[in-house]
file model24.cif (mmCIF, C-alpha atoms)
data_query
loop_
_atom_site.label_atom_id
_atom_site.label_comp_id
_atom_site.auth_asym_id
_atom_site.auth_seq_id
_atom_site.Cartn_x
_atom_site.Cartn_y
_atom_site.Cartn_z
CA MET A 1 163.21 245.13 189.39
CA THR A 2 160.28 244.04 191.53
CA ASN A 3 157.74 244.71 188.75
CA ALA A 4 159.84 242.76 186.26
CA VAL A 5 160.02 239.77 188.55
CA ALA A 6 156.28 239.94 189.27
CA THR A 7 155.63 239.85 185.53
CA ASP A 8 157.77 236.69 185.39
CA TYR A 9 155.52 235.06 187.98
CA GLY A 10 152.49 235.90 185.89
CA SER A 11 153.95 234.48 182.69
CA LEU A 12 155.12 231.41 184.56
CA LEU A 13 151.82 230.62 186.27
CA LEU A 14 148.93 232.20 184.39
CA LYS A 15 148.91 229.96 181.36
CA ASP A 16 146.56 227.32 180.08
CA SER A 17 148.60 224.28 181.15
CA LEU A 18 150.73 224.41 184.29
CA GLY A 19 153.42 221.72 184.50
CA VAL A 20 155.41 220.18 187.36
CA SER A 21 158.57 221.93 186.16
CA ASP A 22 156.73 225.27 186.44
CA VAL A 23 155.77 224.50 190.05
CA LEU A 24 159.30 223.51 191.02
CA GLY A 25 160.74 226.51 189.20
CA LEU A 26 158.38 228.77 191.11
CA ARG A 27 159.64 227.72 194.54
CA ARG A 28 163.25 228.24 193.51
CA LEU A 29 162.57 231.61 191.84
CA ALA A 30 160.35 232.92 194.64
CA PHE A 31 162.99 232.41 197.33
CA SER A 32 166.13 233.13 195.31
CA SER A 33 166.56 236.66 196.70
CA LYS A 34 165.06 239.18 199.10
CA GLU A 35 163.67 241.17 196.15
CA ASN A 36 162.08 238.08 194.65
CA ARG A 37 160.46 237.14 197.96
CA ALA A 38 158.91 240.60 198.24
CA ALA A 39 157.72 240.46 194.64
CA PHE A 40 156.30 236.98 195.22
CA ARG A 41 154.26 238.15 198.21
CA ASP A 42 152.91 241.05 196.12
CA PHE A 43 152.01 238.67 193.30
CA VAL A 44 150.16 236.29 195.64
CA ASN A 45 148.23 239.20 197.16
CA SER A 46 147.23 240.46 193.72
CA LEU A 47 146.24 236.96 192.63
CA GLU A 48 144.01 236.51 195.68
CA ALA A 49 142.23 239.78 194.82
CA ARG A 50 141.39 238.65 191.28
CA PRO A 51 138.23 236.79 190.22
CA SER A 52 139.03 233.12 190.88
CA GLY A 53 139.00 231.35 187.53
CA ALA A 54 140.56 227.95 186.85
CA ARG A 55 143.96 229.43 185.94
CA GLU A 56 144.03 231.64 189.04
CA LYS A 57 143.17 228.73 191.33
CA ALA A 58 145.88 226.57 189.77
CA ALA A 59 148.37 229.40 190.17
CA LEU A 60 147.31 230.01 193.78
CA ALA A 61 147.72 226.30 194.59
CA ALA A 62 151.29 226.47 193.27
CA CYS A 63 151.97 229.67 195.23
CA TYR A 64 150.57 228.31 198.50
CA TRP A 65 152.59 225.11 198.14
CA ALA A 66 155.76 227.12 197.45
CA GLN A 67 155.09 229.17 200.61
CA GLY A 68 154.50 226.06 202.69
CA ASN A 69 150.86 227.00 203.26
CA TYR A 70 149.68 223.43 202.75
CA GLU A 71 146.08 223.69 203.96
CA LYS A 72 145.36 226.48 201.48
CA ALA A 73 147.26 224.66 198.73
CA LEU A 74 145.17 221.53 199.22
CA ASP A 75 141.96 223.55 199.19
CA ALA A 76 142.99 225.35 195.97
CA THR A 77 143.53 222.02 194.13
CA GLN A 78 139.99 220.79 194.82
CA SER A 79 138.47 222.69 191.89
CA ASP A 80 140.75 220.99 189.34
CA LYS A 81 142.17 217.59 190.24
CA SER A 82 142.91 216.52 186.69
CA GLY A 83 145.86 218.75 185.82
CA GLU A 84 149.40 217.41 186.13
CA ALA A 85 150.54 220.29 188.35
CA ALA A 86 147.40 220.08 190.51
CA GLN A 87 147.89 216.36 191.16
CA TYR A 88 151.57 216.87 191.91
CA ILE A 89 150.80 219.70 194.37
CA MET A 90 148.03 217.64 195.95
CA GLY A 91 150.33 214.64 196.41
CA ARG A 92 153.20 216.68 197.82
CA THR A 93 150.84 218.63 200.08
CA LEU A 94 149.19 215.49 201.47
CA LEU A 95 152.68 214.15 202.14
CA SER A 96 153.66 217.30 204.03
CA LEU A 97 150.46 217.09 206.09
CA GLY A 98 151.24 213.50 207.07
CA SER A 99 148.55 211.80 204.94
CA THR A 100 151.04 209.40 203.37
CA GLY A 101 148.50 206.80 202.22
CA GLU A 102 146.46 209.39 200.33
CA ALA A 103 149.66 210.89 198.91
CA VAL A 104 150.73 207.48 197.58
CA ALA A 105 147.35 207.03 195.85
CA VAL A 106 147.48 210.48 194.19
CA LEU A 107 151.12 210.24 193.09
CA THR A 108 150.79 206.65 191.88
CA LYS A 109 147.94 207.71 189.62
CA LEU A 110 149.93 210.71 188.39
CA ALA A 111 153.03 208.58 187.67
CA SER A 112 150.91 206.23 185.54
CA ILE A 113 149.92 209.03 183.16
CA ALA A 114 152.89 211.43 183.33
CA LYS A 115 156.49 210.27 183.19
CA SER A 116 159.01 212.59 184.80
CA ALA A 117 161.86 212.34 187.32
CA PRO A 118 160.33 214.84 189.82
CA ILE A 119 157.06 212.87 189.91
CA GLN A 120 158.96 209.63 190.51
CA ALA A 121 160.97 211.32 193.28
CA ALA A 122 157.77 212.50 194.99
CA LEU A 123 156.24 209.02 194.63
CA ALA A 124 159.39 207.40 196.06
CA GLU A 125 159.27 209.73 199.06
CA ALA A 126 155.59 208.96 199.68
CA LEU A 127 156.14 205.20 199.40
CA ARG A 128 159.17 205.34 201.71
CA LYS A 129 157.28 207.31 204.36
CA ASN A 130 154.36 204.92 204.01
CA GLY A 131 156.65 202.00 204.87
CA ASP A 132 157.01 200.42 201.42
CA ALA A 133 160.77 200.60 200.89
CA GLU A 134 160.78 198.05 198.06
CA ALA A 135 158.26 200.01 195.98
CA ALA A 136 160.07 203.26 196.80
CA ASN A 137 163.33 201.77 195.50
CA SER A 138 161.58 200.71 192.29
CA ALA A 139 160.20 204.25 191.85
CA VAL A 140 163.72 205.68 192.26
CA LYS A 141 165.18 203.31 189.65
CA GLU A 142 162.35 204.06 187.23
CA GLY A 143 162.90 207.78 187.69
CA ILE A 144 166.66 207.59 187.12
CA LYS A 145 165.96 205.84 183.79
CA ILE A 146 163.95 208.90 182.77
CA ALA A 147 166.55 211.46 183.89
CA PRO A 148 169.26 211.84 186.56
CA ASP A 149 167.59 213.97 189.21
CA ALA A 150 169.01 215.22 192.53
CA ALA A 151 165.77 214.48 194.41
CA LEU A 152 165.85 210.87 193.18
CA TYR A 153 169.41 210.33 194.40
CA ALA A 154 168.48 211.94 197.72
CA GLN A 155 165.65 209.41 198.08
CA ALA A 156 168.05 206.61 197.15
CA GLY A 157 170.34 207.83 199.94
CA LEU A 158 167.51 207.84 202.48
CA LEU A 159 166.57 204.28 201.49
CA ALA A 160 170.20 203.17 201.92
CA ASP A 161 170.21 204.92 205.31
CA MET A 162 167.16 202.86 206.32
CA ASN A 163 169.05 199.68 205.46
CA GLY A 164 172.07 200.78 207.50
CA ASP A 165 174.32 201.12 204.44
CA ILE A 166 175.96 204.43 205.38
CA ALA A 167 178.63 204.33 202.66
CA GLU A 168 176.05 203.82 199.90
CA ALA A 169 173.83 206.53 201.39
CA GLU A 170 176.69 209.03 201.40
CA GLU A 171 177.51 208.16 197.79
CA HIS A 172 173.92 208.88 196.73
CA TYR A 173 173.81 212.18 198.64
CA ARG A 174 177.03 213.35 197.00
CA LYS A 175 175.68 212.35 193.59
CA ALA A 176 172.59 214.46 194.31
CA LEU A 177 174.77 217.48 195.10
CA GLU A 178 176.78 216.99 191.92
CA ILE A 179 173.53 217.36 189.98
CA ASP A 180 172.12 220.16 192.14
CA GLY A 181 174.30 221.88 194.72
CA GLU A 182 171.15 223.22 196.40
CA CYS A 183 169.53 219.83 197.07
CA VAL A 184 168.54 220.53 200.67
CA GLU A 185 167.74 216.92 201.61
CA ALA A 186 171.21 215.74 200.54
CA LEU A 187 172.89 218.69 202.28
CA PHE A 188 170.98 218.03 205.49
CA ARG A 189 171.67 214.29 205.57
CA LEU A 190 175.39 214.74 204.90
CA ALA A 191 175.51 217.41 207.63
CA TYR A 192 173.71 215.10 210.04
CA MET A 193 176.08 212.21 209.28
CA ALA A 194 179.13 214.44 209.84
CA ASP A 195 177.54 215.75 213.05
CA LEU A 196 177.01 212.26 214.47
CA HIS A 197 180.61 211.30 213.69
CA GLY A 198 182.01 214.39 215.42
CA ASP A 199 183.19 216.13 212.24
CA ASN A 200 182.06 219.55 213.46
CA GLU A 201 183.71 221.59 210.70
CA THR A 202 182.03 219.66 207.87
CA ALA A 203 178.70 219.57 209.71
CA LEU A 204 178.87 223.31 210.37
CA GLU A 205 179.56 224.12 206.71
CA LEU A 206 176.74 221.89 205.44
CA TYR A 207 174.17 223.03 208.00
CA ARG A 208 174.99 226.64 207.12
CA ARG A 209 174.40 225.90 203.45
CA CYS A 210 171.08 224.28 204.39
CA VAL A 211 169.78 227.31 206.26
CA GLN A 212 170.74 229.61 203.40
CA MET A 213 168.14 227.84 201.24
CA ARG A 214 164.62 229.25 201.25
CA PRO A 215 162.23 228.36 202.69
CA VAL A 216 164.47 227.51 205.67
CA ARG A 217 164.20 224.02 207.14
CA SER A 218 163.49 224.08 210.86
CA ARG A 219 165.36 220.80 211.39
CA ALA A 220 168.52 222.30 209.90
CA LEU A 221 168.23 225.39 212.13
CA VAL A 222 167.70 223.28 215.25
CA ASN A 223 170.67 221.01 214.49
CA LEU A 224 172.86 224.00 213.66
CA GLY A 225 171.89 225.51 217.00
CA LEU A 226 172.76 222.26 218.80
CA LEU A 227 176.11 222.16 217.06
CA TYR A 228 176.84 225.77 218.05
CA GLU A 229 176.03 224.80 221.65
CA GLU A 230 178.41 221.87 221.46
CA MET A 231 181.13 224.24 220.22
CA GLY A 232 180.46 226.68 223.06
CA ARG A 233 178.94 229.33 220.79
CA GLU A 234 175.83 229.93 222.91
CA GLY A 235 175.01 233.26 221.26
CA ASP A 236 174.83 231.74 217.77
CA ALA A 237 172.85 228.78 219.14
CA TYR A 238 170.32 231.11 220.75
CA LYS A 239 169.80 232.95 217.44
CA CYS A 240 169.03 229.65 215.67
CA PHE A 241 166.52 228.51 218.29
CA LEU A 242 164.93 231.96 218.42
CA MET A 243 164.45 231.93 214.65
CA VAL A 244 162.77 228.51 214.76
CA HIS A 245 160.60 229.56 217.69
CA GLN A 246 159.49 232.72 215.88
CA ARG A 247 158.67 230.84 212.69
CA HIS A 248 156.93 227.94 214.46
CA PRO A 249 155.69 229.19 217.86
CA VAL A 250 153.46 226.12 218.36
CA ASP A 251 156.32 223.67 217.75
CA GLN A 252 156.86 222.17 221.22
CA ARG A 253 160.32 220.81 220.46
CA ALA A 254 161.54 224.15 219.09
CA ARG A 255 160.01 225.99 222.05
CA LEU A 256 161.83 223.80 224.58
CA TYR A 257 165.18 224.13 222.79
CA HIS A 258 164.72 227.88 222.79
CA LYS A 259 163.82 227.83 226.50
CA ASP A 260 166.85 225.67 227.38
CA SER A 261 169.16 227.90 225.35
CA ASP A 262 167.73 231.07 226.87
CA ALA A 263 168.24 229.73 230.38
CA SER A 264 171.79 228.58 229.65
CA ARG A 265 172.86 232.10 228.67
CA ASP A 266 172.71 233.10 232.36
CA MET A 267 174.31 229.92 233.72
CA PHE A 268 177.79 230.04 235.28
CA PHE A 269 180.12 227.57 233.64
CA ASP A 270 183.04 226.24 235.65
CA GLU A 271 185.69 225.49 233.04
CA GLU A 272 188.06 223.76 235.46
CA GLN A 273 185.27 221.53 236.73
CA GLN A 274 184.40 220.63 233.16
CA LYS A 275 188.03 219.75 232.42
CA ARG A 276 188.21 217.52 235.49
CA ARG A 277 184.98 215.82 234.45
CA GLU A 278 186.31 215.25 230.92
CA ARG A 279 189.56 213.72 232.26
CA ARG A 280 187.56 211.47 234.56
CA ASN A 281 185.23 210.41 231.76
CA LYS A 282 188.22 209.57 229.58
CA VAL A 283 189.47 207.17 232.25
CA LEU A 284 186.01 205.65 232.70
CA GLU A 285 185.73 205.07 228.94
CA THR A 286 188.95 203.00 228.87
CA PRO A 287 188.15 199.50 227.51
CA ILE A 288 188.82 196.50 229.77
CA THR A 289 190.79 194.96 226.89
CA ASP A 290 193.49 197.61 227.44
CA PHE A 291 194.52 195.87 230.70
CA GLU A 292 196.48 192.68 231.20
CA LEU A 293 193.94 190.60 233.05
CA SER A 294 193.93 186.83 233.41
CA VAL A 295 191.97 184.82 230.86
CA ARG A 296 189.39 183.80 233.48
CA SER A 297 188.77 187.39 234.61
CA ARG A 298 188.58 188.65 231.04
CA ASN A 299 186.12 185.94 229.98
CA CYS A 300 183.87 186.50 233.00
CA LEU A 301 183.74 190.25 232.44
CA GLU A 302 182.97 189.74 228.76
CA LYS A 303 180.06 187.41 229.58
CA MET A 304 178.76 189.98 232.07
CA ASN A 305 178.92 192.65 229.33
CA VAL A 306 181.45 194.67 231.34
CA ARG A 307 183.36 196.57 228.67
CA THR A 308 184.92 199.62 230.32
CA ILE A 309 186.36 200.83 233.62
CA GLY A 310 183.15 202.83 233.99
CA ASP A 311 181.12 199.59 233.86
CA LEU A 312 183.15 198.26 236.83
CA THR A 313 182.28 201.34 238.90
CA ARG A 314 178.61 200.40 238.43
CA ILE A 315 178.91 196.82 239.71
CA SER A 316 179.57 195.67 243.28
CA GLU A 317 182.03 193.07 244.55
CA VAL A 318 179.09 190.93 245.65
CA ASP A 319 177.68 190.97 242.11
CA LEU A 320 181.03 189.90 240.67
CA LEU A 321 181.49 187.06 243.14
CA GLY A 322 177.97 185.88 242.38
CA PHE A 323 178.93 185.18 238.76
CA LYS A 324 179.91 181.64 237.80
CA ASN A 325 183.69 180.95 237.84
CA PHE A 326 184.47 184.40 239.26
CA GLY A 327 186.46 183.88 242.47
CA GLU A 328 188.50 185.79 245.04
CA THR A 329 191.64 185.68 242.87
CA SER A 330 189.88 187.45 240.01
CA LEU A 331 188.31 189.92 242.43
CA THR A 332 191.70 190.81 243.91
CA GLU A 333 193.16 191.25 240.43
CA ILE A 334 190.43 193.65 239.35
CA ARG A 335 190.40 195.48 242.67
CA GLN A 336 194.15 196.22 242.27
CA MET A 337 193.64 197.43 238.72
CA MET A 338 190.91 199.83 239.87
CA THR A 339 192.90 201.08 242.88
CA SER A 340 195.87 201.95 240.67
CA ARG A 341 193.57 204.41 238.87
CA GLY A 342 191.99 205.90 241.98
CA LEU A 343 188.73 204.01 241.47
CA ARG A 344 186.73 201.29 243.23
CA LEU A 345 184.24 198.64 242.30
CA GLY A 346 180.69 199.92 242.81
CA GLN A 347 181.88 203.50 243.23
CA ALA A 348 179.15 204.92 240.99
CA LEU A 349 176.55 203.41 243.35
CA GLU A 350 177.91 205.47 246.26
CA GLY A 351 178.13 209.13 247.24
CA GLU A 352 180.99 211.38 246.15
CA GLU A 353 183.09 210.60 249.26
CA GLY A 354 182.92 206.88 248.58
CA LYS A 355 180.41 206.21 251.38
CA PRO A 356 176.74 205.42 251.04
CA SER A 357 175.03 208.77 250.59
CA GLY A 358 171.59 207.75 251.77
CA LYS A 359 170.39 208.26 248.19
CA VAL A 360 171.66 205.10 246.60
CA LYS A 361 170.43 204.56 243.04
CA THR A 362 167.99 201.70 242.66
CA ILE A 363 168.35 199.78 239.42
CA ARG A 364 165.08 198.14 238.42
CA LYS A 365 165.05 194.37 237.97
CA ARG A 366 164.93 193.36 234.32
CA THR A 367 163.20 190.59 232.44
CA VAL A 368 165.30 188.24 230.30
CA ASP A 369 164.33 190.13 227.12
CA GLN A 370 165.17 193.47 228.73
CA ALA A 371 168.53 192.10 229.84
CA LYS A 372 169.35 191.49 226.18
CA VAL A 373 168.36 195.03 225.30
CA LEU A 374 170.80 196.37 227.91
CA THR A 375 173.72 195.09 225.84
CA ARG A 376 172.67 197.02 222.73
CA ALA A 377 174.43 200.23 221.70
CA VAL A 378 172.74 203.41 222.91
CA ASP A 379 172.76 204.54 219.25
CA ASP A 380 169.95 202.02 218.67
CA LEU A 381 167.58 204.32 220.57
CA GLY A 382 167.70 206.81 217.68
CA LEU A 383 168.32 209.84 219.90
CA SER A 384 168.64 213.40 218.62
CA VAL A 385 172.07 214.90 217.92
CA ARG A 386 172.08 216.84 221.22
CA SER A 387 171.28 213.73 223.27
CA GLN A 388 173.81 211.66 221.30
CA HIS A 389 176.54 214.18 222.10
CA CYS A 390 175.65 214.05 225.79
CA MET A 391 175.84 210.26 225.74
CA GLN A 392 179.39 210.57 224.38
CA ILE A 393 180.36 213.14 227.01
CA LEU A 394 179.08 210.88 229.80
CA GLY A 395 180.78 207.80 228.35
CA ILE A 396 177.45 206.03 227.81
CA GLN A 397 177.93 203.36 225.17
CA THR A 398 175.12 200.87 225.81
CA ILE A 399 171.50 201.05 226.89
CA GLY A 400 172.66 199.35 230.08
CA ASP A 401 175.03 202.26 230.73
CA LEU A 402 172.13 204.66 230.26
CA VAL A 403 169.62 203.00 232.59
CA ALA A 404 172.31 202.98 235.31
CA LYS A 405 172.22 206.80 235.26
CA SER A 406 169.77 208.87 237.27
CA GLU A 407 167.94 211.95 235.98
CA LYS A 408 170.19 214.12 238.14
CA GLU A 409 173.37 212.68 236.61
CA LEU A 410 172.12 213.23 233.08
CA MET A 411 170.99 216.78 233.82
CA GLU A 412 174.48 217.61 235.11
CA ALA A 413 175.90 217.06 231.61
CA ARG A 414 176.48 220.23 229.67
CA ASN A 415 173.67 221.03 227.16
CA PHE A 416 171.52 218.17 228.48
CA GLY A 417 168.22 219.87 229.27
CA SER A 418 164.62 218.96 229.95
CA THR A 419 163.97 218.30 226.24
CA SER A 420 166.73 215.68 226.04
CA LEU A 421 165.62 214.11 229.34
CA THR A 422 162.05 213.77 228.09
CA GLU A 423 163.30 212.23 224.85
CA VAL A 424 165.51 209.68 226.66
CA LYS A 425 162.71 208.66 229.03
CA LYS A 426 160.27 208.16 226.13
CA LYS A 427 162.78 206.04 224.19
CA LEU A 428 163.48 203.84 227.23
CA ALA A 429 159.76 203.53 227.95
CA THR A 430 159.29 201.76 224.60
CA TYR A 431 161.32 198.89 226.11
CA GLY A 432 159.51 199.09 229.44
CA MET A 433 162.57 200.63 231.05
CA GLY A 434 163.48 203.78 232.91
CA LEU A 435 166.44 205.59 234.42
CA ALA A 436 167.90 204.69 237.81
CA GLU A 437 166.07 206.17 240.76
CA SER A 438 167.39 207.93 243.87
CA GLU A 439 165.72 206.89 247.06
#

call {"tool": "encode", "arguments": {"input": "model24.cif", "output": "structure tokens"}}
result
Amino acid sequence: MTNAVATDYGSLLLKDSLGVSDVLGLRRLAFSSKENRAAFRDFVNSLEARPSGAREKAALAACYWAQGNYEKALDATQSDKSGEAAQYIMGRTLLSLGSTGEAVAVLTKLASIAKSAPIQAALAEALRKNGDAEAANSAVKEGIKIAPDAALYAQAGLLADMNGDIAEAEEHYRKALEIDGECVEALFRLAYMADLHGDNETALELYRRCVQMRPVRSRALVNLGLLYEEMGREGDAYKCFLMVHQRHPVDQRARLYHKDSDASRDMFFDEEQQKRRERRNKVLETPITDFELSVRSRNCLEKMNVRTIGDLTRISEVDLLGFKNFGETSLTEIRQMMTSRGLRLGQALEGEEGKPSGKVKTIRKRTVDQAKVLTRAVDDLGLSVRSQHCMQILGIQTIGDLVAKSEKELMEARNFGSTSLTEVKKKLATYGMGLAESE
């Protein structure tokens, strides 16, 4: 069987004119089975040993691109930049290497002389990554006129995602999968959307389908591992992170996830403590609007951006009384509401026993612009799935909620490791902010 498949590679690649469809067909054929992967490696080895004529170099460029060996693919295209396949491989390779401007130039030129849906999809991707969403959208529409293509609809979905139109994005991704059930980009984005919305079953199914595609996407493996962690399946999570780490040992993000996961395998997990924490968080997440407060109290709290019971535990009585129109009557009303739930105003600023611990968190003073940022949803930071889940567990809804937390408090959340902490600190730093400090 191996010899037969190898012969297919030769007939597919070693011909006078290599087309884009041949290149795309190669990647799918080469990774369609274990036998085909072995035959593909043998074919590449034999091709490298041959005298390097124009056909062999074109074939090698296609093979290297299919393998994800982009530096070699780019080098192999230098001898013949005029062929349709060579220009396509060059454009896609430059895109994968992060040279988006050069990729746009190559693919724009190719699209002007060769009309096909895959070329338009590649051009749309390059334009989108280069920051020209309008031109990318035009490339998608032009491509769909030529032929309905899964990659084009996937790009249309990504553009809708950029505009915040989630419903339209989902529609495009599903259309892509109707055309090609193995469209990895559409599978991954639908999985990610389900993951963010807490639909673990759907996310798990779609991520699994993603990682069955070859070559495997590291992002899909990482997110699948994070989802396994969230579900308490540490063993499965560790396998995912280990696989990514083995495939990409220099990938810092993958290395840290693997390290966190490895360490967590030996950690003792107190289930009862976790249950108590979850019950407490549920109370803290209760919206202020669920309580029958006076109009004055409700209006004052709304203007102060106090939305939940948890927000009240992070503000002192002095701070409340310092707000315009907030008097002793309103303070008494809120104090009684908190007491009935075993809580106090400013409790989160104190030690566990309700007394100053000597390590009171210091909240940095904010500028007017930063104060506005504090009211924004924490989702606006664009955190990873793992960090997003931890925000939900901790009841953190706004950026203000987040900056009121110390590093220690965040690190106490399950699955929140050094990687997530570094990510959160970098995101906050873009606004000139940081986490609360312990003195």

call {"tool": "resolve_selection", "arguments": {"input": "model24.cif", "expression": "the PyMOL selection byres ((chain A and resi 381) around 12)", "output": "number ranges by chain"}}
result
A: 373-374, 376-380, 382-385, 387-388, 391, 397-400, 402, 423-431

call {"tool": "write_last_selection", "arguments": {"input": "model24.cif", "atoms": "C-alpha atoms", "output": "tab-separated table (two decimals), keeping the file's coordinate frame"}}
result
chain	number	residue	atom	x	y	z
A	373	VAL	CA	168.36	195.03	225.30
A	374	LEU	CA	170.80	196.37	227.91
A	376	ARG	CA	172.67	197.02	222.73
A	377	ALA	CA	174.43	200.23	221.70
A	378	VAL	CA	172.74	203.41	222.91
A	379	ASP	CA	172.76	204.54	219.25
A	380	ASP	CA	169.95	202.02	218.67
A	382	GLY	CA	167.70	206.81	217.68
A	383	LEU	CA	168.32	209.84	219.90
A	384	SER	CA	168.64	213.40	218.62
A	385	VAL	CA	172.07	214.90	217.92
A	387	SER	CA	171.28	213.73	223.27
A	388	GLN	CA	173.81	211.66	221.30
A	391	MET	CA	175.84	210.26	225.74
A	397	GLN	CA	177.93	203.36	225.17
A	398	THR	CA	175.12	200.87	225.81
A	399	ILE	CA	171.50	201.05	226.89
A	400	GLY	CA	172.66	199.35	230.08
A	402	LEU	CA	172.13	204.66	230.26
A	423	GLU	CA	163.30	212.23	224.85
A	424	VAL	CA	165.51	209.68	226.66
A	425	LYS	CA	162.71	208.66	229.03
A	426	LYS	CA	160.27	208.16	226.13
A	427	LYS	CA	162.78	206.04	224.19
A	428	LEU	CA	163.48	203.84	227.23
A	429	ALA	CA	159.76	203.53	227.95
A	430	THR	CA	159.29	201.76	224.60
A	431	TYR	CA	161.32	198.89	226.11

call {"tool": "residues_around", "arguments": {"input": "model24.cif", "residues": "Gln87 of chain A", "least_positions_apart": "3", "cutoff": "10 Å", "atoms": "only C-alpha atoms", "output": "MDAnalysis selection string"}}
result
chainID A and resid 20 74 77:78 80:84 90:93 103 106:107 109:111 119

call {"tool": "resolve_selection", "arguments": {"input": "model24.cif", "expression": "the PyMOL selection byres ((chain A and resi 329-339) around 9)", "output": "list in words"}}
result
Phe291, Leu293, Ser294, Arg296, Ser297, Ile309, Leu312, Thr313, Glu317, Leu320, Leu321, Phe326, Gly327, Glu328, Ser340, Arg341, Gly342, Leu343, Arg344 and Leu345 of chain A

call {"tool": "atom_distance", "arguments": {"input": "model24.cif", "atom1": "atom CA of Glu409 of chain A", "atom2": "atom CA of Leu196 of chain A"}}
result
22.4 Å

call {"tool": "residues_around", "arguments": {"input": "model24.cif", "residues": "Phe40 of chain A", "least_positions_apart": "3", "cutoff": "7 Å", "atoms": "all atoms listed in the file", "output": "ChimeraX atom specification"}}
result
/A:6,30,36-37,43-44

call {"tool": "write_last_selection", "arguments": {"input": "model24.cif", "atoms": "C-alpha atoms", "output": "PDB file, in the frame of the given file"}}
result
ATOM      1  CA  ALA A   6     156.280 239.940 189.270  1.00  0.00           C
ATOM      2  CA  ALA A  30     160.350 232.920 194.640  1.00  0.00           C
ATOM      3  CA  ASN A  36     162.080 238.080 194.650  1.00  0.00           C
ATOM      4  CA  ARG A  37     160.460 237.140 197.960  1.00  0.00           C
ATOM      5  CA  PHE A  43     152.010 238.670 193.300  1.00  0.00           C
ATOM      6  CA  VAL A  44     150.160 236.290 195.640  1.00  0.00           C
TER       7      VAL A  44
END

call {"tool": "closest_residue", "arguments": {"input": "model24.cif", "among": "A:Ala85, A:Ile288, A:Ala39, A:Met162", "to": "Gly131 of chain A", "atoms": "only C-alpha atoms"}}
result
A:Met162

call {"tool": "closest_residue", "arguments": {"input": "model24.cif", "among": "A:Lys408, A:Arg27, A:Lys57, A:His389", "to": "His197 of chain A", "atoms": "only C-alpha atoms"}}
result
A:His389

call {"tool": "resolve_selection", "arguments": {"input": "model24.cif", "expression": "the PyMOL selection byres ((chain A and resi 217) around 12)", "output": "list of chain:residue names"}}
result
A:Gly68, A:Val184, A:Glu185, A:Leu187, A:Phe188, A:Tyr207, A:Arg208, A:Arg209, A:Cys210, A:Val211, A:Gln212, A:Met213, A:Arg214, A:Pro215, A:Val216, A:Ser218, A:Arg219, A:Ala220, A:Leu221, A:Val222, A:Asn223, A:Leu224, A:Cys240, A:Met243, A:Val244, A:Arg247, A:His248

call {"tool": "closest_residue", "arguments": {"input": "model24.cif", "among": "A:Thr202, A:Pro118, A:Gly19, A:Ala135", "to": "Val104 of chain A", "atoms": "all atoms listed in the file"}}
result
A:Ala135

call {"tool": "atom_distance", "arguments": {"input": "model24.cif", "atom1": "atom CA of Gly225 of chain A", "atom2": "atom CA of Ala151 of chain A"}}
result
25.9 Å

call {"tool": "atom_distance", "arguments": {"input": "model24.cif", "atom1": "atom CA of Asp161 of chain A", "atom2": "atom CA of Lys175 of chain A"}}
result
14.9 Å

call {"tool": "closest_residue", "arguments": {"input": "model24.cif", "among": "A:Cys63, A:Leu435, A:Leu284, A:Leu123", "to": "Arg41 of chain A", "atoms": "all atoms listed in the file"}}
result
A:Cys63

call {"tool": "decode", "arguments": {"input": "model24.cif", "residues": "segment 406-417 of chain A", "atoms": "C-alpha atoms", "output": "short mmCIF file (atom, residue, chain, number, x, y, z; two decimals), in the first residue's frame"}}
result
data_model
loop_
_atom_site.label_atom_id
_atom_site.label_comp_id
_atom_site.auth_asym_id
_atom_site.auth_seq_id
_atom_site.Cartn_x
_atom_site.Cartn_y
_atom_site.Cartn_z
CA SER A 406 -4.11 40.48 44.65
CA GLU A 407 -1.77 37.98 42.99
CA LYS A 408 -2.26 35.65 45.95
CA GLU A 409 -6.05 35.66 45.58
CA LEU A 410 -5.86 34.89 41.88
CA MET A 411 -3.33 32.11 42.38
CA GLU A 412 -5.67 30.45 44.90
CA ALA A 413 -8.22 29.85 42.11
CA ARG A 414 -8.16 26.36 40.71
CA ASN A 415 -6.20 26.05 37.42
CA PHE A 416 -4.96 29.65 37.69
CA GLY A 417 -1.19 29.29 37.34
#
